[in-house]
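Next comes coords.txt, a file with compact mmCIF, C-alpha atoms.
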# COMPACT_ATOMS: atom_id res chain seq x y z
CA MET A 1 -7.25 -32.32 23.34
CA THR A 2 -4.55 -30.56 21.33
CA PRO A 3 -4.18 -31.45 17.66
CA ARG A 4 -0.80 -32.66 16.49
CA ALA A 5 1.61 -30.21 14.83
CA ARG A 6 1.52 -32.13 11.55
CA ASP A 7 -2.27 -31.90 11.38
CA ILE A 8 -2.22 -28.18 12.22
CA LEU A 9 0.20 -27.51 9.36
CA LYS A 10 -1.69 -29.66 6.88
CA ASP A 11 -4.99 -28.04 7.86
CA GLY A 12 -3.62 -24.50 7.46
CA LEU A 13 -1.82 -25.06 4.19
CA TRP A 14 -4.24 -27.33 2.38
CA THR A 15 -7.33 -29.07 3.83
CA GLY A 16 -8.53 -26.03 5.79
CA ASN A 17 -6.84 -23.39 3.64
CA VAL A 18 -8.28 -19.92 4.29
CA THR A 19 -8.95 -19.25 0.62
CA PHE A 20 -9.22 -22.64 -1.06
CA ALA A 21 -11.27 -24.43 1.60
CA GLN A 22 -12.85 -21.85 3.94
CA LYS A 23 -13.26 -19.21 1.19
CA LEU A 24 -12.74 -16.45 3.74
CA ALA A 25 -10.84 -13.15 3.42
CA LEU A 26 -11.69 -12.81 -0.26
CA CYS A 27 -11.82 -9.01 -0.06
CA PRO A 28 -8.10 -8.45 0.64
CA LEU A 29 -7.37 -11.35 -1.70
CA LEU A 30 -9.07 -9.67 -4.66
CA ALA A 31 -7.85 -6.20 -3.76
CA VAL A 32 -4.09 -6.67 -3.55
CA THR A 33 -3.27 -9.49 -5.96
CA ALA A 34 -2.57 -7.45 -9.11
CA THR A 35 1.05 -8.62 -8.75
CA ALA A 36 2.66 -11.60 -7.04
CA THR A 37 4.86 -9.27 -4.97
CA ASN A 38 1.86 -7.46 -3.50
CA GLY A 39 0.24 -10.80 -2.69
CA LEU A 40 3.36 -12.10 -0.99
CA GLY A 41 3.77 -8.90 1.04
CA MET A 42 0.14 -8.86 2.17
CA GLY A 43 0.30 -12.59 2.97
CA LEU A 44 3.40 -12.22 5.13
CA ALA A 45 1.89 -9.24 6.98
CA THR A 46 -1.29 -11.24 7.66
CA THR A 47 0.78 -14.25 8.78
CA ALA A 48 2.69 -12.13 11.29
CA VAL A 49 -0.58 -10.72 12.66
CA LEU A 50 -2.28 -14.12 12.79
CA ALA A 51 0.57 -15.85 14.63
CA ALA A 52 0.84 -12.98 17.13
CA THR A 53 -2.92 -12.66 17.79
CA ASN A 54 -3.34 -16.43 18.19
CA LEU A 55 -0.44 -16.54 20.64
CA ALA A 56 -1.73 -13.57 22.67
CA ILE A 57 -5.34 -14.76 22.76
CA SER A 58 -4.36 -18.30 23.69
CA ALA A 59 -2.17 -17.00 26.53
CA LEU A 60 -5.09 -14.91 27.81
CA ARG A 61 -7.79 -17.53 27.28
CA ARG A 62 -8.28 -18.25 30.99
CA VAL A 63 -8.66 -14.54 31.83
CA ILE A 64 -11.14 -13.74 29.05
CA THR A 65 -14.73 -14.67 29.88
CA PRO A 66 -17.19 -15.94 27.24
CA GLN A 67 -19.49 -12.93 27.85
CA VAL A 68 -16.98 -10.29 26.70
CA ARG A 69 -14.69 -12.42 24.55
CA ILE A 70 -15.56 -10.73 21.23
CA PRO A 71 -14.65 -7.15 22.28
CA ALA A 72 -11.57 -8.51 24.07
CA PHE A 73 -10.44 -10.42 20.94
CA ILE A 74 -11.05 -7.41 18.71
CA LEU A 75 -9.06 -5.18 21.04
CA VAL A 76 -6.09 -7.56 20.99
CA ILE A 77 -6.32 -7.92 17.19
CA ALA A 78 -6.67 -4.17 16.53
CA GLY A 79 -3.74 -3.41 18.84
CA ILE A 80 -1.44 -5.92 17.18
CA VAL A 81 -2.46 -4.84 13.65
CA THR A 82 -1.73 -1.22 14.53
CA LEU A 83 1.70 -2.18 15.82
CA VAL A 84 2.42 -4.17 12.64
CA ASP A 85 1.14 -1.22 10.57
CA THR A 86 3.51 1.31 12.17
CA ALA A 87 6.38 -1.20 12.07
CA ILE A 88 5.94 -1.74 8.33
CA ASN A 89 5.63 2.00 7.77
CA ALA A 90 8.89 2.57 9.65
CA TRP A 91 11.03 -0.30 8.42
CA GLY A 92 9.41 -1.47 5.20
CA HIS A 93 8.41 1.86 3.74
CA GLU A 94 8.36 0.78 0.07
CA LEU A 95 6.01 -2.09 0.93
CA TYR A 96 3.90 0.28 3.02
CA LYS A 97 3.43 2.64 0.07
CA VAL A 98 1.80 -0.19 -1.86
CA LEU A 99 -0.07 -2.01 0.90
CA GLY A 100 -0.56 0.94 3.26
CA LEU A 101 -4.28 1.18 2.71
CA PHE A 102 -4.88 -2.53 3.24
CA ILE A 103 -2.86 -3.17 6.38
CA PRO A 104 -5.27 -1.48 8.84
CA LEU A 105 -8.00 -3.52 7.16
CA ILE A 106 -6.35 -6.74 8.39
CA VAL A 107 -8.31 -6.01 11.59
CA THR A 108 -11.51 -6.79 9.74
CA ASN A 109 -10.09 -9.89 8.07
CA CYS A 110 -12.57 -12.50 9.31
CA VAL A 111 -9.88 -15.17 9.40
CA ILE A 112 -8.11 -13.48 12.30
CA LEU A 113 -11.20 -13.38 14.54
CA GLY A 114 -12.21 -16.80 13.21
CA ARG A 115 -8.98 -18.48 14.29
CA ALA A 116 -9.07 -16.68 17.65
CA GLU A 117 -12.55 -18.07 18.30
CA ALA A 118 -12.16 -21.50 16.73
CA PHE A 119 -8.62 -22.40 17.75
CA ALA A 120 -6.67 -20.01 20.00
CA SER A 121 -9.36 -19.69 22.69
CA ARG A 122 -9.43 -23.48 23.09
CA ASN A 123 -5.79 -24.52 22.79
CA ARG A 124 -2.43 -23.92 24.45
CA PRO A 125 -0.24 -21.01 23.22
CA LEU A 126 2.34 -22.93 21.19
CA PRO A 127 -0.10 -24.95 19.06
CA SER A 128 -2.12 -21.73 18.63
CA ALA A 129 0.87 -19.80 17.34
CA LEU A 130 1.61 -22.70 14.99
CA ASP A 131 -1.99 -22.66 13.79
CA GLY A 132 -1.72 -18.92 13.10
CA LEU A 133 1.51 -19.48 11.21
CA ALA A 134 0.06 -22.35 9.15
CA MET A 135 -3.18 -20.53 8.34
CA GLY A 136 -1.19 -17.38 7.46
CA LEU A 137 1.17 -19.29 5.18
CA GLY A 138 -1.77 -21.00 3.50
CA PHE A 139 -3.28 -17.56 2.87
CA THR A 140 0.10 -16.30 1.61
CA LEU A 141 0.26 -19.25 -0.77
CA ALA A 142 -3.18 -18.38 -2.17
CA LEU A 143 -2.40 -14.66 -2.48
CA THR A 144 0.92 -15.31 -4.20
CA LEU A 145 -0.51 -17.91 -6.56
CA ILE A 146 -3.41 -15.71 -7.66
CA GLY A 147 -1.09 -12.67 -7.82
CA ALA A 148 1.31 -14.65 -10.04
CA ILE A 149 -1.46 -15.75 -12.41
CA ARG A 150 -2.82 -12.21 -12.74
CA GLU A 151 0.63 -10.68 -13.13
CA ILE A 152 1.83 -13.12 -15.79
CA LEU A 153 -1.36 -12.77 -17.86
CA GLY A 154 -1.81 -9.06 -17.19
CA SER A 155 1.72 -7.66 -17.39
CA GLY A 156 3.94 -10.52 -18.57
CA THR A 157 6.19 -10.26 -15.51
CA LEU A 158 6.55 -12.17 -12.25
CA PHE A 159 7.43 -10.63 -8.86
CA ALA A 160 8.06 -7.21 -10.43
CA GLY A 161 9.33 -4.73 -7.85
CA ALA A 162 10.25 -7.44 -5.34
CA ALA A 163 13.69 -5.95 -4.62
CA LEU A 164 12.20 -2.52 -3.91
CA MET A 165 9.40 -3.78 -1.69
CA LEU A 166 10.77 -6.81 0.13
CA GLY A 167 14.49 -6.03 0.20
CA ALA A 168 17.37 -6.37 -2.26
CA PRO A 169 17.90 -10.15 -1.85
CA MET A 170 14.35 -10.74 -3.12
CA GLY A 171 15.40 -9.20 -6.45
CA VAL A 172 16.32 -12.69 -7.71
CA LEU A 173 12.59 -13.42 -7.91
CA GLU A 174 11.98 -10.69 -10.50
CA THR A 175 11.50 -12.22 -13.94
CA VAL A 176 10.10 -11.13 -17.26
CA VAL A 177 7.98 -14.08 -18.38
CA ILE A 178 6.80 -12.70 -21.72
CA PRO A 179 9.12 -10.04 -23.19
CA GLU A 180 7.57 -7.20 -25.22
CA TYR A 181 4.14 -8.11 -23.83
CA LYS A 182 1.49 -5.45 -24.24
CA GLY A 183 -0.55 -6.68 -21.30
CA PHE A 184 -4.00 -8.10 -20.85
CA LEU A 185 -5.57 -5.29 -18.86
CA LEU A 186 -8.61 -7.23 -17.63
CA MET A 187 -6.47 -9.46 -15.43
CA ILE A 188 -5.04 -6.48 -13.52
CA LEU A 189 -8.44 -4.89 -13.00
CA PRO A 190 -10.81 -6.27 -10.32
CA PRO A 191 -12.66 -8.71 -12.67
CA GLY A 192 -9.32 -10.45 -13.27
CA GLY A 193 -9.19 -11.22 -9.56
CA PHE A 194 -12.55 -12.99 -9.70
CA LEU A 195 -11.54 -14.89 -12.84
CA ALA A 196 -8.22 -16.07 -11.42
CA LEU A 197 -9.86 -17.03 -8.10
CA GLY A 198 -12.57 -19.00 -9.91
CA PHE A 199 -10.11 -21.04 -11.93
CA VAL A 200 -7.89 -21.67 -8.91
CA LEU A 201 -10.88 -22.89 -6.84
CA ALA A 202 -11.94 -25.16 -9.70
CA GLY A 203 -8.37 -26.51 -9.88
CA LYS A 204 -8.43 -27.29 -6.14
CA ARG A 205 -11.73 -29.18 -6.59
CA LEU A 206 -10.24 -31.24 -9.42
CA LEU A 207 -7.20 -32.17 -7.32
CA ASP A 208 -9.42 -33.10 -4.36
CA ALA A 209 -11.72 -35.19 -6.56
CA ARG A 210 -8.77 -37.06 -8.04
CA ALA A 211 -7.32 -37.72 -4.57
CA ALA A 212 -10.74 -39.03 -3.40
CA ARG A 213 -11.00 -41.35 -6.44
CA LYS A 214 -7.50 -42.69 -5.74
CA ALA A 215 -8.35 -43.30 -2.09
CA ALA A 216 -11.58 -45.06 -3.08
CA ALA A 217 -9.70 -47.23 -5.58
CA ALA A 218 -7.10 -48.12 -2.96
CA THR A 219 -9.66 -49.32 -0.43
CA ALA A 220 -11.74 -51.18 -3.01
CA MET B 1 -21.03 -18.39 45.51
CA THR B 2 -20.52 -17.60 41.87
CA ALA B 3 -17.05 -17.84 40.42
CA LEU B 4 -15.04 -14.64 40.24
CA THR B 5 -15.06 -14.59 36.46
CA ALA B 6 -18.86 -14.83 36.26
CA ARG B 7 -19.51 -11.63 38.23
CA PRO B 8 -20.64 -8.59 36.23
CA TRP B 9 -17.95 -6.27 37.58
CA TYR B 10 -15.27 -8.68 36.42
CA GLN B 11 -16.31 -8.13 32.78
CA GLY B 12 -15.90 -4.37 33.10
CA VAL B 13 -12.56 -4.62 34.86
CA LEU B 14 -11.37 -7.12 32.25
CA LEU B 15 -12.21 -4.87 29.29
CA GLY B 16 -10.84 -1.81 31.09
CA GLY B 17 -7.61 -3.62 31.85
CA PHE B 18 -7.28 -4.75 28.25
CA CYS B 19 -7.75 -1.18 27.05
CA LEU B 20 -5.07 0.10 29.41
CA VAL B 21 -2.53 -2.51 28.34
CA ALA B 22 -3.33 -1.99 24.64
CA ALA B 23 -2.98 1.80 25.00
CA ALA B 24 0.39 1.40 26.74
CA LEU B 25 1.66 -0.96 24.03
CA LEU B 26 0.49 1.33 21.23
CA ALA B 27 2.09 4.39 22.84
CA THR B 28 5.39 2.50 23.11
CA GLY B 29 5.14 1.31 19.51
CA GLU B 30 4.42 4.83 18.31
CA ARG B 31 7.49 6.15 20.15
CA LEU B 32 9.76 3.50 18.70
CA THR B 33 8.64 3.97 15.10
CA ALA B 34 8.02 7.73 14.89
CA PRO B 35 11.63 8.76 14.03
CA ALA B 36 11.93 6.09 11.32
CA ILE B 37 8.55 7.06 9.81
CA ALA B 38 9.43 10.76 9.75
CA GLU B 39 12.78 9.92 8.14
CA ALA B 40 11.09 7.76 5.46
CA ALA B 41 8.58 10.52 4.66
CA ARG B 42 11.40 13.03 4.32
CA ALA B 43 13.38 10.67 2.05
CA ASP B 44 10.28 10.28 -0.14
CA LEU B 45 9.85 14.03 -0.41
CA SER B 46 13.49 14.67 -1.15
CA ALA B 47 13.51 11.93 -3.82
CA SER B 48 10.50 13.43 -5.61
CA LEU B 49 12.00 16.94 -5.39
CA ALA B 50 15.28 15.66 -6.84
CA GLN B 51 13.37 14.32 -9.85
CA VAL B 52 11.86 17.67 -10.80
CA ILE B 53 14.90 19.90 -10.28
CA PRO B 54 18.22 18.99 -11.96
CA ALA B 55 21.17 18.47 -9.63
CA ALA B 56 23.12 21.24 -11.40
CA LEU B 57 20.72 23.83 -10.02
CA ARG B 58 20.95 22.95 -6.34
CA ASP B 59 23.45 22.40 -3.58
CA ASN B 60 21.13 22.71 -0.56
CA ASP B 61 18.70 20.48 1.31
CA MET B 62 15.44 21.52 -0.32
CA THR B 63 13.25 19.86 2.32
CA ALA B 64 14.66 22.27 4.91
CA ASP B 65 14.28 25.47 2.84
CA THR B 66 10.60 26.25 2.45
CA VAL B 67 8.25 29.20 2.22
CA THR B 68 4.49 29.05 2.38
CA VAL B 69 2.46 31.11 -0.07
CA THR B 70 -1.24 31.64 0.41
CA ASP B 71 -3.66 32.66 -2.32
CA ASP B 72 -7.19 31.81 -3.49
CA GLY B 73 -6.16 28.21 -4.03
CA GLY B 74 -5.13 27.80 -0.37
CA ALA B 75 -1.68 27.49 1.17
CA THR B 76 1.17 25.91 -0.77
CA THR B 77 4.49 24.86 0.68
CA VAL B 78 7.24 25.85 -1.72
CA TYR B 79 10.58 24.02 -1.58
CA ARG B 80 13.48 26.11 -2.85
CA ALA B 81 16.61 25.01 -4.66
CA ARG B 82 19.68 27.15 -4.10
CA LYS B 83 23.06 27.32 -5.74
CA ASP B 84 25.72 29.27 -3.83
CA GLY B 85 23.00 30.76 -1.65
CA ALA B 86 20.82 32.17 -4.46
CA VAL B 87 17.40 30.69 -5.22
CA THR B 88 17.64 29.01 -8.63
CA ALA B 89 14.34 27.14 -8.79
CA VAL B 90 11.30 26.18 -6.74
CA ALA B 91 9.24 23.03 -6.43
CA PHE B 92 5.72 22.65 -5.10
CA ARG B 93 2.74 20.33 -5.13
CA VAL B 94 -0.28 20.69 -7.36
CA VAL B 95 -3.38 18.51 -7.29
CA GLY B 96 -5.50 17.51 -10.28
CA LYS B 97 -8.93 15.90 -10.30
CA GLY B 98 -8.43 12.64 -12.17
CA TYR B 99 -10.70 9.77 -13.10
CA GLY B 100 -9.94 7.92 -9.87
CA GLY B 101 -9.73 10.86 -7.47
CA ASP B 102 -6.92 13.27 -6.71
CA ILE B 103 -3.72 13.14 -8.72
CA VAL B 104 -0.95 14.64 -6.61
CA LEU B 105 1.93 16.07 -8.63
CA VAL B 106 5.12 17.84 -7.74
CA MET B 107 6.48 20.35 -10.27
CA GLY B 108 9.79 22.20 -10.52
CA VAL B 109 9.95 25.70 -12.04
CA ASP B 110 13.03 27.85 -12.66
CA ARG B 111 13.33 31.60 -12.00
CA MET B 112 11.99 32.47 -15.46
CA GLY B 113 8.85 30.37 -15.05
CA GLU B 114 10.05 27.52 -17.27
CA ILE B 115 9.11 24.00 -16.16
CA LEU B 116 12.07 21.84 -15.16
CA GLY B 117 10.10 18.69 -14.48
CA VAL B 118 6.79 17.25 -13.31
CA ARG B 119 6.29 13.97 -11.45
CA VAL B 120 3.23 12.14 -10.16
CA VAL B 121 3.50 11.51 -6.43
CA ARG B 122 0.21 9.72 -5.90
CA HIS B 123 -2.68 8.71 -8.13
CA ALA B 124 -5.44 6.14 -8.42
CA GLU B 125 -5.92 6.17 -12.21
CA THR B 126 -6.85 3.06 -14.17
CA PRO B 127 -3.87 0.69 -14.50
CA GLY B 128 -2.81 0.33 -18.12
CA LEU B 129 -4.77 3.38 -19.30
CA GLY B 130 -4.47 6.45 -17.12
CA ASP B 131 -1.34 5.38 -15.28
CA ARG B 132 0.83 6.38 -18.23
CA ILE B 133 1.16 9.77 -16.49
CA ASP B 134 3.56 7.91 -14.18
CA ALA B 135 7.16 8.39 -15.36
CA ARG B 136 7.83 4.70 -14.66
CA LYS B 137 5.18 3.70 -17.20
CA SER B 138 5.81 6.16 -20.04
CA GLY B 139 7.68 9.32 -20.92
CA TRP B 140 4.51 11.37 -21.42
CA ILE B 141 5.03 13.55 -18.37
CA ASP B 142 8.32 14.89 -19.80
CA ALA B 143 6.33 16.80 -22.45
CA PHE B 144 6.07 19.56 -19.85
CA VAL B 145 9.82 20.12 -19.59
CA GLY B 146 10.79 23.51 -21.04
CA ARG B 147 7.20 24.76 -21.24
CA SER B 148 6.31 28.12 -19.80
CA ARG B 149 3.52 30.63 -20.10
CA ALA B 150 5.85 32.64 -22.39
CA ASN B 151 6.38 29.88 -24.98
CA THR B 152 3.00 28.16 -24.74
CA PRO B 153 -0.09 30.33 -25.15
CA ASP B 154 -3.07 29.65 -22.89
CA SER B 155 -5.05 27.99 -25.70
CA ARG B 156 -2.29 25.38 -26.15
CA TRP B 157 -2.42 24.33 -22.48
CA ALA B 158 -4.80 21.47 -23.21
CA VAL B 159 -4.78 17.96 -24.66
CA LYS B 160 -4.83 17.68 -28.47
CA LYS B 161 -8.47 16.60 -28.47
CA ASP B 162 -9.32 19.99 -26.93
CA GLY B 163 -7.11 21.84 -29.45
CA GLY B 164 -4.05 21.99 -27.23
CA GLY B 165 -0.44 20.87 -27.47
CA PHE B 166 -0.37 17.76 -25.29
CA ASP B 167 -1.05 14.14 -26.29
CA GLN B 168 -3.95 12.31 -24.70
CA PHE B 169 -3.99 8.53 -24.26
CA SER B 170 -6.33 6.36 -26.27
CA GLY B 171 -9.06 5.29 -23.87
CA ALA B 172 -8.15 7.83 -21.22
CA THR B 173 -8.62 11.55 -21.81
CA VAL B 174 -9.76 12.57 -18.34
CA THR B 175 -6.40 11.76 -16.76
CA PRO B 176 -4.05 13.76 -19.03
CA ARG B 177 -6.59 16.59 -19.18
CA ALA B 178 -6.53 16.80 -15.37
CA VAL B 179 -2.74 16.77 -15.28
CA VAL B 180 -2.40 19.49 -17.94
CA LYS B 181 -4.91 21.65 -16.08
CA ALA B 182 -3.15 21.15 -12.74
CA VAL B 183 0.25 22.03 -14.20
CA ARG B 184 -1.16 25.14 -15.89
CA GLU B 185 -2.68 26.26 -12.61
CA GLY B 186 0.64 25.56 -10.92
CA LEU B 187 2.38 27.93 -13.34
CA GLU B 188 -0.28 30.58 -12.72
CA ARG B 189 0.34 30.21 -9.02
CA PHE B 190 4.06 30.62 -9.63
CA HIS B 191 3.57 33.87 -11.54
CA LEU B 192 1.10 35.18 -8.98
CA ASN B 193 3.47 34.55 -6.08
CA ARG B 194 6.77 34.78 -7.92
CA ASP B 195 8.34 37.49 -5.74
CA ARG B 196 7.54 35.72 -2.53
CA MET B 197 8.67 32.32 -3.81
CA LEU B 198 12.00 33.62 -5.07
CA ALA B 199 12.74 36.06 -2.22
CA ASP B 200 16.34 35.56 -1.21
CA ALA B 201 15.75 35.58 2.52
CA PRO B 202 16.53 32.19 4.00
CA GLY B 203 13.45 30.07 4.42
CA ARG B 204 12.14 28.53 7.60
CA GLN B 205 14.62 26.04 9.03
CA PRO B 206 12.56 23.34 10.72

As a first step, turn the structure in this file into structure tokens.
Amino acid sequence: MTPRARDILKDGLWTGNVTFAQKLALCPLLAVTATATNGLGMGLATTAVLAATNLAISALRRVITPQVRIPAFILVIAGIVTLVDTAINAWGHELYKVLGLFIPLIVTNCVILGRAEAFASRNRPLPSALDGLAMGLGFTLALTLIGAIREILGSGTLFAGAALMLGAPMGVLETVVIPEYKGFLLMILPPGGFLALGFVLAGKRLLDARAARKAAAATA
Amino acid sequence: MTALTARPWYQGVLLGGFCLVAAALLATGERLTAPAIAEAARADLSASLAQVIPAALRDNDMTADTVTVTDDGGATTVYRARKDGAVTAVAFRVVGKGYGGDIVLVMGVDRMGEILGVRVVRHAETPGLGDRIDARKSGWIDAFVGRSRANTPDSRWAVKKDGGGFDQFSGATVTPRAVVKAVREGLERFHLNRDRMLADAPGRQP
């Protein structure tokens, strides 16, 4: 039985969020989030891959047998990631110069294989594509949020370099939050990623706990 | 009778078929993107060359006018700036060993061996400490402009900590030391191969 679109979206963005709930894909999360722009770029690239792989794998789910499903999934994923990689290199070169190293690694992002196995191989193509989109956007949200926290604390800016990397219209996002800021280096270095992630996860727990208390109070 | 999809040969045919389709898609993708990727790489190169050689010294397409010099340090591709047909300056890559791996630099040198500019093309130095070699982060790299072997003796080609004439950064000495060394070696390479680099014959036209 196919889940409803509303539930798919809610699951991807919040209740089953890749980072906040499943705590998957932490490696790319920690690696690229020194700025909000990098996080947004990586998130959108992952979203494109996730929607495309879910759609392809769901369309092929009757052809693929359980015995060889893992190599078949990986082949589809690796092929699509390589296509996205060359496409970004060709038409988003500034973004590629920053993310270049991490894009081929999307293949090994466990979320992609995870959604193929858990959702796309059991559902029809359209809901699968929607699930990929929702999961990808949830991941983008997490990457951008943690990137923004690290960038504001570490460099005093927000979305620096957005016009260069994501196209001129995105330049409106570029802001200097703290002028004349000398920078808090730790937040840009890898430990800053762990710190920001820890506080964000704690924040999610607090929100969930408050929602649960409210629900309990309402039924009582 | 077992279902078609449960037979062993089906698994092999399935994976083989997937490989064929994936290979065909990748080959098509490669074809579609190759010109744009080559163009972007060329634009990158020409932008970094433009930063190390002033516009007044060139009226040619430097990416298309190259010579290759080979010495102990390996082969170097030299991009030549021309004004009215005569070679006015050259630009080439040098590589330093930084704290976070290779620091790739491109440097421009005029006919007399005086540095016109140095820029970092790629590096993996510590953000906030070593990355001040990047012209977007600080003006440190411009300390090389106007330097030559004639006006800066060998002993001054070092960071101040080592008795030389270049600032180091507090908390990061390895990075500027590597850059100074790479630039000095670049100048040595220029003097060693000067005749070949400045030869007036037109370079290879790719």

(Q) Only residues of chain B matter here; which ones have an atom within 12 Å of chain A, counting only C-alpha atoms? Give them as a PyMOL selection string. (A) chain B and resi 3-44+121-130+136-137

Q: Rounded to one decimal place, report the atom CA of B:Trp140-atom CA of A:Gly156 distance in Å.
A: 22.1 Å

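With distances restricted to only C-alpha atoms, B:Asn193 is the closest residue to B:Asp72 from B:Asp84, B:Val118, B:Val174, B:Asn193.
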
(Q) Need the shell around B:Met62: protein/DNA/RNA residues with any atom at most 6 Å away, counting all atoms listed in the file. Skip same-chain ones fewer than 4 positions apart. Format as a ChimeraX atom specification? (A) /B:79-81

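The space separating atom CA of A:Glu174 from atom CA of A:Leu30 comes to 21.9 Å.
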
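Note that the spacing between atom CA of A:Ser128 and atom CA of A:Ala116 amounts to 8.6 Å.
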
Please work out which residues fall within 7 Å of (22.9, 25.9, -1.1), coordinates as given in the file, with all atoms listed in the file counting, and return them as a PDB file with C-alpha atoms, in the frame of the given file.
ATOM      1  CA  ARG B  58      20.950  22.950  -6.340  1.00  0.00           C
ATOM      2  CA  ASP B  59      23.450  22.400  -3.580  1.00  0.00           C
ATOM      3  CA  ASN B  60      21.130  22.710  -0.560  1.00  0.00           C
ATOM      4  CA  ARG B  82      19.680  27.150  -4.100  1.00  0.00           C
ATOM      5  CA  LYS B  83      23.060  27.320  -5.740  1.00  0.00           C
ATOM      6  CA  ASP B  84      25.720  29.270  -3.830  1.00  0.00           C
ATOM      7  CA  GLY B  85      23.000  30.760  -1.650  1.00  0.00           C
TER       8      GLY B  85
END

(Q) Tell me which residues come within 10 Å of (-6.1, 12.4, -18.7), as a ChimeraX atom specification, counting all atoms listed in the file in the file's coordinates. (A) /B:96-99,125,129-133,159,167-181

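Closest to A:Phe194 among A:Leu130, A:Gly41, A:Thr108, A:Ile146 is A:Ile146, based on only C-alpha atoms.
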
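You can rank B:Asp142, B:Asp195, B:Glu185, B:Asp134 by their closest distance to B:Phe92 using only C-alpha atoms, and at the top of that list sits B:Glu185.
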
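If you measure from each of A:Val81, A:Leu153, A:Ala5, A:Cys27 to A:Tyr181 using all atoms listed in the file, the closest one turns out to be A:Leu153.
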
Q) Counting all atoms listed in the file, what is within 10 Å of A:Pro125, bar same-chain residues fewer than 2 positions away, as an MDAnalysis selection string? A) chainID A and resid 54:61 120:123 127:131
